[in-house]
Amino acid sequence: MQNNDDIVWSIINKSFCSFKVNTKTQKFCRHEYNLTGLCGRYSCPLANSQYATIREEKGIIYLYMRTAERTAFPNKSWEKVKLSRNFEKALQQINENLLYWPNYLKQKCKQRMLKITQYLIRMRKLTLRRQKKLVPLQRKIERRENRREEKALIAARIDTAIEKQLVERLKKGVYGDIYNFPQVAFTKALASEEVQEESDDEREEEYNEGGREEEEEMEEETRAALEDATEYVEAESDDEDMESDEEHEFTDEGPEESEVEDIEDMARPSTSKGKKSKVSVEYELEQALPEKTKVKN
Amino acid sequence: MASALARPLITVYSEKNEKTGTSVHLPVVFKAPIRPDVVSFVHHQMSKNRRQPYAVNKDAGHQTSAESWGTGRAVARIPRVRGGGTHRSGQGAFGNMCRGGRMFAPTKTWRRWHRRINVNQRRFALVSSIAASGVPALVMSKGHMVHDIPELPLVVSDKVQSFNKTKQAVIFLRRIKAWTDVQKVYRSRRLRAGKGKMRNRRRVQRRGPLIIYGEDQGLKLAFRNIPGVDVCSVKKLSLLKLAPGGHVGRFIIWTESAFRALDAIYGTWSSPSSEKKDYNLPTPKMTNTDLSRLLKAEEIRKVLRTPNKRPVRAVRKLNPLRNVRAMLKLNPYAAVLKRKAILTIQKKHLDKQEFLAKKTGVPLQKTKQQVRYEQLIQKRKEAIQKSKAAKPKTAKKAKKAPAAK
């Protein structure tokens, strides 16, 4: 009953419509079956009992039609026609189904169908390309994890572990005679190491008594001795050693030395801060060494 | 809308959403004019009737014996509290600007809280809102989720009236597909914005379907705990329930007995209401409101005069004494006169020059225009002579002819 349409429109337009969205420049309609998406007298699905739309579900385009007789039965009001995938055939189908319908609806249906087919094509193209998957980050969690990482890094005390490892290797004799330490300092260091190990065991027993300070001092000395020791690295005199150990040196020395360097660099501030070492050590950059080996060849 | 002939049959649905065999004629109420302005007005007036008065204490701010210190004390002249020994002494009192003073225009309990509305207006609004509830578009525009219900207006068998368990009610609503509306109510539950929160109006939610029954056999108990659902008897319809917020188009579920009772309660145009004294449905201003159809109708077009597709617009008046074309419009001969005048001027000018030339003996150097002008005059002369020569011949011929006859 088109009688109703005019009344409905005058009510909807002037007072309240739950689908209307008002912006500064335009009025939009949020109704799912709206043909244009705008709020207007002839595009309002509520104010036109004879109405048609094009909608797309899962890539298939349908034509929906409603006539005045069926408006009283909301269940059955929309008639659904599947449109052909061929665009021209679909246009013909629209023409067939909407024959004798007002031109406005026909035009808008065709335009909407065109838009829909275009965006479907685009979607299909996009899926063929590399799909960037957007993963949302949760700020709270990210921040928390970062902080924990930092703390774990500090707690791990990598530098000390590396130092220990290197000293062990030294003791074992992995490096052979590469490094020339003054004997005295070397033996002292070893001795203090052993003492340290013992004292570590004792520590657990004597924790309360606070025998820490002595051990700290011991550690200081050993540290200082080690540092002094590592300072005295010289260029090798023996050719034989050099020839045999060249490659080894390249691969082994470089990282290890740099590690040692790094360790010492790390150790230095920690010792200076925490344990107030009296020894101030200077370091040379050891990049010169490998060159020397090259020259020798 | 008011075509009294079109009274469709509404099928009654069972509580399981099946069509029972019975169907009811649409009550004429649903054809009444829908007047959102009347509904809005009446609703706003009605909603004021449930208010409780509020006011400040009548003594507030005046329970002091303050007196103004007058001039000469280098202080403002506001009345000040007497005495001494406390902070309060010497402070301003009584004014609305003073701390602890009475407010401006203290609110009184005898404010006019309630409004009376004419009975007919009330009934008009009610009838309008019932009519609007029968239009699916209006119900949808109000926001009710009615896209899956079988028919509008929705009439259900009387079995619903004997429900007494909420479970039954919920199952019924689910079957009829009215449950989506209730779900919308659930989703719309939120806290009120503003101070209402601490004034016992904390929570807000949407309105759901309204169930109108003929006889309560437990129905109220079944439906009252479902959020958003309201229940109402046909005999006691209220505008505040039929058009909540002053907007028409609430989703109503009628029971069969309620639906059948409507004609008796509100009457049809041909017969007045039997339940209400002296009441008949309001007559609409237009019986056929389809404007576009009316304008294309033969009966109307026959009576109209032909349309004027080219309206004559007012033309600006141009002064003929100043505007040549305007002059020519009025007097075409003016062209001849003007031309003659111009030519005589030119001739005279030329003659004068020739005369001077003769006198002084200086040969006249004629401008191109003057040369042309002379040629023009020559041509004209020749043309005139030619036409003169031609004319007497025709005149003679004409004379000869009658003479011959």
# chains A, B, ... in the order shown; residues from 1 in each chain; ligands from 1
>>> interface_residues(of="chain A", to="chain B", cutoff="6 Å", atoms="only C-alpha atoms", output="PDB file with C-alpha atoms, in the first residue's frame")
ATOM      1  CA  ASN A   3      -0.591   5.005   0.876  1.00  0.00           C
ATOM      2  CA  CYS A  17      14.641   6.117  12.464  1.00  0.00           C
ATOM      3  CA  SER A  18      16.987   3.662  14.116  1.00  0.00           C
ATOM      4  CA  LEU A  46      11.217   1.040   4.916  1.00  0.00           C
ATOM      5  CA  ALA A  72       2.854  -7.513   6.172  1.00  0.00           C
ATOM      6  CA  PHE A  73       4.767 -10.789   6.413  1.00  0.00           C
ATOM      7  CA  PRO A  74       8.304  -9.823   7.379  1.00  0.00           C
ATOM      8  CA  ASN A  75       9.351 -13.461   7.239  1.00  0.00           C
TER       9      ASN A  75
END
>>> select_by_dssp(residues="region 45-157 of chain A", states="strand (DSSP E)", output="PyMOL selection string")
chain A and resi 51-57+60-66+79-82
>>> write_last_selection(atoms="all heavy atoms", output="compact mmCIF listing (two decimals), in the first residue's frame")
# COMPACT_ATOMS: atom_id res chain seq x y z
N TYR A 51 10.46 -2.66 -3.48
CA TYR A 51 11.89 -2.35 -3.37
C TYR A 51 12.72 -3.51 -3.88
O TYR A 51 12.30 -4.67 -3.82
CB TYR A 51 12.22 -2.07 -1.91
CG TYR A 51 13.48 -1.28 -1.70
CD1 TYR A 51 13.53 0.08 -1.97
CD2 TYR A 51 14.62 -1.88 -1.21
CE1 TYR A 51 14.68 0.81 -1.76
CE2 TYR A 51 15.78 -1.16 -0.99
CZ TYR A 51 15.80 0.18 -1.27
OH TYR A 51 16.94 0.91 -1.05
N ALA A 52 13.90 -3.19 -4.36
CA ALA A 52 14.81 -4.24 -4.81
C ALA A 52 16.23 -3.88 -4.40
O ALA A 52 16.59 -2.71 -4.38
CB ALA A 52 14.75 -4.40 -6.33
N THR A 53 17.03 -4.89 -4.06
CA THR A 53 18.44 -4.66 -3.73
C THR A 53 19.29 -5.75 -4.33
O THR A 53 18.81 -6.80 -4.70
CB THR A 53 18.73 -4.75 -2.22
OG1 THR A 53 17.56 -4.53 -1.51
CG2 THR A 53 19.80 -3.80 -1.81
N ILE A 54 20.57 -5.47 -4.38
CA ILE A 54 21.56 -6.49 -4.74
C ILE A 54 22.43 -6.70 -3.51
O ILE A 54 22.93 -5.74 -2.93
CB ILE A 54 22.45 -6.00 -5.90
CG1 ILE A 54 21.60 -5.58 -7.08
CG2 ILE A 54 23.44 -7.07 -6.29
CD1 ILE A 54 21.12 -6.69 -7.95
N ARG A 55 22.57 -7.94 -3.12
CA ARG A 55 23.45 -8.23 -1.99
C ARG A 55 24.34 -9.40 -2.33
O ARG A 55 23.99 -10.24 -3.16
CB ARG A 55 22.62 -8.57 -0.76
CG ARG A 55 22.09 -7.35 -0.05
CD ARG A 55 21.27 -7.74 1.10
NE ARG A 55 22.09 -7.97 2.28
CZ ARG A 55 21.71 -8.70 3.31
NH1 ARG A 55 20.57 -9.31 3.29
NH2 ARG A 55 22.49 -8.83 4.35
N GLU A 56 25.46 -9.45 -1.65
CA GLU A 56 26.44 -10.48 -1.97
C GLU A 56 26.70 -11.31 -0.72
O GLU A 56 26.89 -10.78 0.37
CB GLU A 56 27.72 -9.80 -2.46
CG GLU A 56 28.89 -10.72 -2.63
CD GLU A 56 29.86 -10.67 -1.46
OE1 GLU A 56 30.06 -9.59 -0.91
OE2 GLU A 56 30.40 -11.72 -1.12
N GLU A 57 26.66 -12.62 -0.90
CA GLU A 57 26.96 -13.52 0.23
C GLU A 57 27.98 -14.53 -0.23
O GLU A 57 27.71 -15.33 -1.11
CB GLU A 57 25.69 -14.26 0.65
CG GLU A 57 24.89 -13.58 1.73
CD GLU A 57 23.56 -14.27 1.90
OE1 GLU A 57 23.57 -15.48 2.16
OE2 GLU A 57 22.53 -13.61 1.73
N ILE A 60 28.68 -14.79 -3.90
CA ILE A 60 27.59 -14.98 -4.86
C ILE A 60 26.65 -13.79 -4.74
O ILE A 60 26.28 -13.39 -3.63
CB ILE A 60 26.81 -16.28 -4.56
CG1 ILE A 60 27.78 -17.44 -4.38
CG2 ILE A 60 25.85 -16.57 -5.69
CD1 ILE A 60 27.12 -18.71 -3.96
N ILE A 61 26.26 -13.26 -5.89
CA ILE A 61 25.43 -12.06 -5.89
C ILE A 61 23.96 -12.45 -6.06
O ILE A 61 23.62 -13.25 -6.94
CB ILE A 61 25.85 -11.12 -7.04
CG1 ILE A 61 27.35 -10.89 -6.97
CG2 ILE A 61 25.13 -9.80 -6.92
CD1 ILE A 61 27.87 -10.01 -8.06
N TYR A 62 23.13 -11.89 -5.21
CA TYR A 62 21.69 -12.17 -5.27
C TYR A 62 20.91 -10.89 -5.50
O TYR A 62 21.31 -9.82 -5.07
CB TYR A 62 21.21 -12.79 -3.96
CG TYR A 62 21.83 -14.11 -3.62
CD1 TYR A 62 22.93 -14.16 -2.77
CD2 TYR A 62 21.34 -15.29 -4.15
CE1 TYR A 62 23.51 -15.37 -2.46
CE2 TYR A 62 21.91 -16.50 -3.83
CZ TYR A 62 22.99 -16.54 -2.99
OH TYR A 62 23.58 -17.73 -2.67
N LEU A 63 19.78 -11.06 -6.16
CA LEU A 63 18.85 -9.94 -6.30
C LEU A 63 17.70 -10.19 -5.33
O LEU A 63 17.09 -11.25 -5.34
CB LEU A 63 18.33 -9.89 -7.75
CG LEU A 63 17.16 -8.96 -8.03
CD1 LEU A 63 17.56 -7.52 -7.86
CD2 LEU A 63 16.64 -9.18 -9.44
N TYR A 64 17.44 -9.20 -4.48
CA TYR A 64 16.34 -9.32 -3.53
C TYR A 64 15.23 -8.40 -3.97
O TYR A 64 15.47 -7.23 -4.30
CB TYR A 64 16.79 -8.89 -2.13
CG TYR A 64 17.70 -9.89 -1.45
CD1 TYR A 64 19.06 -9.90 -1.70
CD2 TYR A 64 17.19 -10.80 -0.55
CE1 TYR A 64 19.88 -10.80 -1.08
CE2 TYR A 64 18.01 -11.71 0.10
CZ TYR A 64 19.36 -11.71 -0.18
OH TYR A 64 20.19 -12.60 0.45
N MET A 65 14.01 -8.90 -3.94
CA MET A 65 12.88 -8.08 -4.34
C MET A 65 11.80 -8.15 -3.28
O MET A 65 11.60 -9.18 -2.63
CB MET A 65 12.30 -8.59 -5.66
CG MET A 65 13.23 -8.35 -6.82
SD MET A 65 12.53 -8.97 -8.33
CE MET A 65 12.66 -10.70 -8.06
N ARG A 66 11.08 -7.04 -3.16
CA ARG A 66 9.96 -7.04 -2.22
C ARG A 66 8.81 -6.30 -2.85
O ARG A 66 9.02 -5.25 -3.48
CB ARG A 66 10.36 -6.36 -0.92
CG ARG A 66 9.26 -6.41 0.11
CD ARG A 66 9.64 -5.69 1.35
NE ARG A 66 9.79 -4.28 1.12
CZ ARG A 66 10.19 -3.44 2.04
NH1 ARG A 66 10.50 -3.87 3.24
NH2 ARG A 66 10.31 -2.16 1.78
N GLU A 79 12.21 -11.71 -1.73
CA GLU A 79 12.39 -12.80 -2.67
C GLU A 79 13.82 -12.76 -3.18
O GLU A 79 14.32 -11.70 -3.57
CB GLU A 79 11.41 -12.62 -3.83
CG GLU A 79 11.39 -13.77 -4.81
CD GLU A 79 10.66 -13.39 -6.09
OE1 GLU A 79 9.70 -12.60 -5.99
OE2 GLU A 79 11.05 -13.89 -7.16
N LYS A 80 14.45 -13.92 -3.19
CA LYS A 80 15.89 -13.96 -3.47
C LYS A 80 16.13 -14.64 -4.80
O LYS A 80 15.66 -15.74 -5.04
CB LYS A 80 16.54 -14.77 -2.34
CG LYS A 80 18.01 -14.71 -2.24
CD LYS A 80 18.39 -15.41 -0.94
CE LYS A 80 19.86 -15.63 -0.85
NZ LYS A 80 20.22 -16.32 0.38
N VAL A 81 16.85 -13.99 -5.69
CA VAL A 81 17.16 -14.55 -7.00
C VAL A 81 18.66 -14.57 -7.16
O VAL A 81 19.33 -13.56 -7.02
CB VAL A 81 16.52 -13.70 -8.12
CG1 VAL A 81 16.97 -14.19 -9.47
CG2 VAL A 81 15.02 -13.70 -8.01
N LYS A 82 19.18 -15.76 -7.50
CA LYS A 82 20.63 -15.85 -7.66
C LYS A 82 20.98 -15.33 -9.06
O LYS A 82 20.37 -15.73 -10.05
CB LYS A 82 21.06 -17.30 -7.51
CG LYS A 82 22.55 -17.49 -7.60
CD LYS A 82 22.90 -18.92 -7.23
CE LYS A 82 24.37 -19.20 -7.53
NZ LYS A 82 24.72 -20.56 -7.20
>>> residues_around(residues="region 160-165 of chain B", least_positions_apart="3", cutoff="9 Å", atoms="only C-alpha atoms", output="list of chain:residue names")
B:Ser14, B:Glu15, B:Val156, B:Ser157, B:Gln168, B:Ala169, B:Val170, B:Phe172, B:Tyr213, B:Gly214, B:Glu215, B:Asp216, B:Gln217, B:Gly218, B:Leu219, B:Lys220, B:Leu221, B:Ala222, B:Phe223, B:Thr255
>>> write_last_selection(atoms="N, CA, C and O atoms", output="PDB file, in the first residue's frame")
ATOM      1  N   SER B  14      -0.427 -20.342  16.449  1.00  0.00           N
ATOM      2  CA  SER B  14      -0.412 -21.072  17.713  1.00  0.00           C
ATOM      3  C   SER B  14       0.847 -20.688  18.469  1.00  0.00           C
ATOM      4  O   SER B  14       1.735 -20.027  17.937  1.00  0.00           O
ATOM      5  N   GLU B  15       0.924 -21.166  19.719  1.00  0.00           N
ATOM      6  CA  GLU B  15       2.106 -20.796  20.515  1.00  0.00           C
ATOM      7  C   GLU B  15       3.360 -21.486  19.978  1.00  0.00           C
ATOM      8  O   GLU B  15       4.460 -21.205  20.425  1.00  0.00           O
ATOM      9  N   VAL B 156      -1.583 -14.217  18.445  1.00  0.00           N
ATOM     10  CA  VAL B 156      -1.249 -15.559  18.909  1.00  0.00           C
ATOM     11  C   VAL B 156      -2.466 -16.154  19.613  1.00  0.00           C
ATOM     12  O   VAL B 156      -3.306 -15.423  20.127  1.00  0.00           O
ATOM     13  N   SER B 157      -2.519 -17.461  19.627  1.00  0.00           N
ATOM     14  CA  SER B 157      -3.687 -18.103  20.250  1.00  0.00           C
ATOM     15  C   SER B 157      -3.739 -17.808  21.738  1.00  0.00           C
ATOM     16  O   SER B 157      -2.737 -17.459  22.358  1.00  0.00           O
ATOM     17  N   GLN B 168       8.251 -21.457  29.721  1.00  0.00           N
ATOM     18  CA  GLN B 168       7.289 -21.574  28.619  1.00  0.00           C
ATOM     19  C   GLN B 168       7.289 -20.292  27.793  1.00  0.00           C
ATOM     20  O   GLN B 168       7.244 -20.322  26.553  1.00  0.00           O
ATOM     21  N   ALA B 169       7.332 -19.180  28.526  1.00  0.00           N
ATOM     22  CA  ALA B 169       7.294 -17.892  27.829  1.00  0.00           C
ATOM     23  C   ALA B 169       8.493 -17.743  26.903  1.00  0.00           C
ATOM     24  O   ALA B 169       8.366 -17.304  25.760  1.00  0.00           O
ATOM     25  N   VAL B 170       9.653 -18.139  27.404  1.00  0.00           N
ATOM     26  CA  VAL B 170      10.867 -17.996  26.588  1.00  0.00           C
ATOM     27  C   VAL B 170      10.793 -18.873  25.353  1.00  0.00           C
ATOM     28  O   VAL B 170      11.125 -18.455  24.241  1.00  0.00           O
ATOM     29  N   PHE B 172       8.162 -19.887  23.881  1.00  0.00           N
ATOM     30  CA  PHE B 172       7.185 -19.293  22.973  1.00  0.00           C
ATOM     31  C   PHE B 172       7.807 -18.158  22.163  1.00  0.00           C
ATOM     32  O   PHE B 172       7.681 -18.091  20.936  1.00  0.00           O
ATOM     33  N   TYR B 213      -2.917  -8.908  26.284  1.00  0.00           N
ATOM     34  CA  TYR B 213      -3.759 -10.093  26.481  1.00  0.00           C
ATOM     35  C   TYR B 213      -5.187  -9.679  26.744  1.00  0.00           C
ATOM     36  O   TYR B 213      -5.469  -8.548  27.154  1.00  0.00           O
ATOM     37  N   GLY B 214      -6.086 -10.657  26.574  1.00  0.00           N
ATOM     38  CA  GLY B 214      -7.481 -10.390  26.897  1.00  0.00           C
ATOM     39  C   GLY B 214      -7.779 -10.725  28.334  1.00  0.00           C
ATOM     40  O   GLY B 214      -8.454  -9.989  29.053  1.00  0.00           O
ATOM     41  N   GLU B 215      -7.234 -11.838  28.798  1.00  0.00           N
ATOM     42  CA  GLU B 215      -7.506 -12.289  30.160  1.00  0.00           C
ATOM     43  C   GLU B 215      -6.227 -12.881  30.735  1.00  0.00           C
ATOM     44  O   GLU B 215      -5.571 -13.701  30.091  1.00  0.00           O
ATOM     45  N   ASP B 216      -5.892 -12.446  31.918  1.00  0.00           N
ATOM     46  CA  ASP B 216      -4.642 -12.934  32.502  1.00  0.00           C
ATOM     47  C   ASP B 216      -4.870 -14.229  33.248  1.00  0.00           C
ATOM     48  O   ASP B 216      -5.503 -14.254  34.301  1.00  0.00           O
ATOM     49  N   GLN B 217      -4.328 -15.325  32.706  1.00  0.00           N
ATOM     50  CA  GLN B 217      -4.456 -16.602  33.407  1.00  0.00           C
ATOM     51  C   GLN B 217      -3.071 -17.077  33.843  1.00  0.00           C
ATOM     52  O   GLN B 217      -2.763 -18.259  33.829  1.00  0.00           O
ATOM     53  N   GLY B 218      -2.236 -16.134  34.197  1.00  0.00           N
ATOM     54  CA  GLY B 218      -0.881 -16.505  34.593  1.00  0.00           C
ATOM     55  C   GLY B 218       0.164 -15.898  33.683  1.00  0.00           C
ATOM     56  O   GLY B 218       1.357 -15.975  33.948  1.00  0.00           O
ATOM     57  N   LEU B 219      -0.281 -15.283  32.627  1.00  0.00           N
ATOM     58  CA  LEU B 219       0.641 -14.754  31.617  1.00  0.00           C
ATOM     59  C   LEU B 219       1.605 -13.741  32.218  1.00  0.00           C
ATOM     60  O   LEU B 219       2.791 -13.732  31.923  1.00  0.00           O
ATOM     61  N   LYS B 220       1.049 -12.906  33.096  1.00  0.00           N
ATOM     62  CA  LYS B 220       1.896 -11.869  33.685  1.00  0.00           C
ATOM     63  C   LYS B 220       3.074 -12.482  34.411  1.00  0.00           C
ATOM     64  O   LYS B 220       4.212 -12.036  34.290  1.00  0.00           O
ATOM     65  N   LEU B 221       2.801 -13.542  35.164  1.00  0.00           N
ATOM     66  CA  LEU B 221       3.856 -14.179  35.941  1.00  0.00           C
ATOM     67  C   LEU B 221       4.919 -14.771  35.035  1.00  0.00           C
ATOM     68  O   LEU B 221       6.101 -14.768  35.354  1.00  0.00           O
ATOM     69  N   ALA B 222       4.480 -15.289  33.902  1.00  0.00           N
ATOM     70  CA  ALA B 222       5.434 -15.944  33.011  1.00  0.00           C
ATOM     71  C   ALA B 222       6.364 -14.942  32.353  1.00  0.00           C
ATOM     72  O   ALA B 222       7.557 -15.180  32.214  1.00  0.00           O
ATOM     73  N   PHE B 223       5.794 -13.811  31.949  1.00  0.00           N
ATOM     74  CA  PHE B 223       6.590 -12.897  31.128  1.00  0.00           C
ATOM     75  C   PHE B 223       7.285 -11.806  31.913  1.00  0.00           C
ATOM     76  O   PHE B 223       8.097 -11.077  31.372  1.00  0.00           O
ATOM     77  N   THR B 255      -2.843 -11.382  21.860  1.00  0.00           N
ATOM     78  CA  THR B 255      -3.501 -12.680  21.948  1.00  0.00           C
ATOM     79  C   THR B 255      -4.827 -12.556  21.204  1.00  0.00           C
ATOM     80  O   THR B 255      -5.344 -11.459  21.002  1.00  0.00           O
TER      81      THR B 255
END
>>> closest_residue(among="A:Thr23, A:Ser77, A:Asn146, A:Ser84", to="Gly59 (chain A)", atoms="only C-alpha atoms")
A:Ser84
>>> select_by_dssp(residues="region 162-350 of chain B", states="helix (DSSP H, G or I)", output="number ranges by chain")
B: 162, 166-176, 179-187, 195-199, 219-223, 234-236, 239-242, 244-246, 256-266, 291-296, 298-303, 324-330, 333-350
>>> atom_distance(atom1="CA of Gly196 (chain B)", atom2="CA of Val42 (chain B)")
24.8 Å
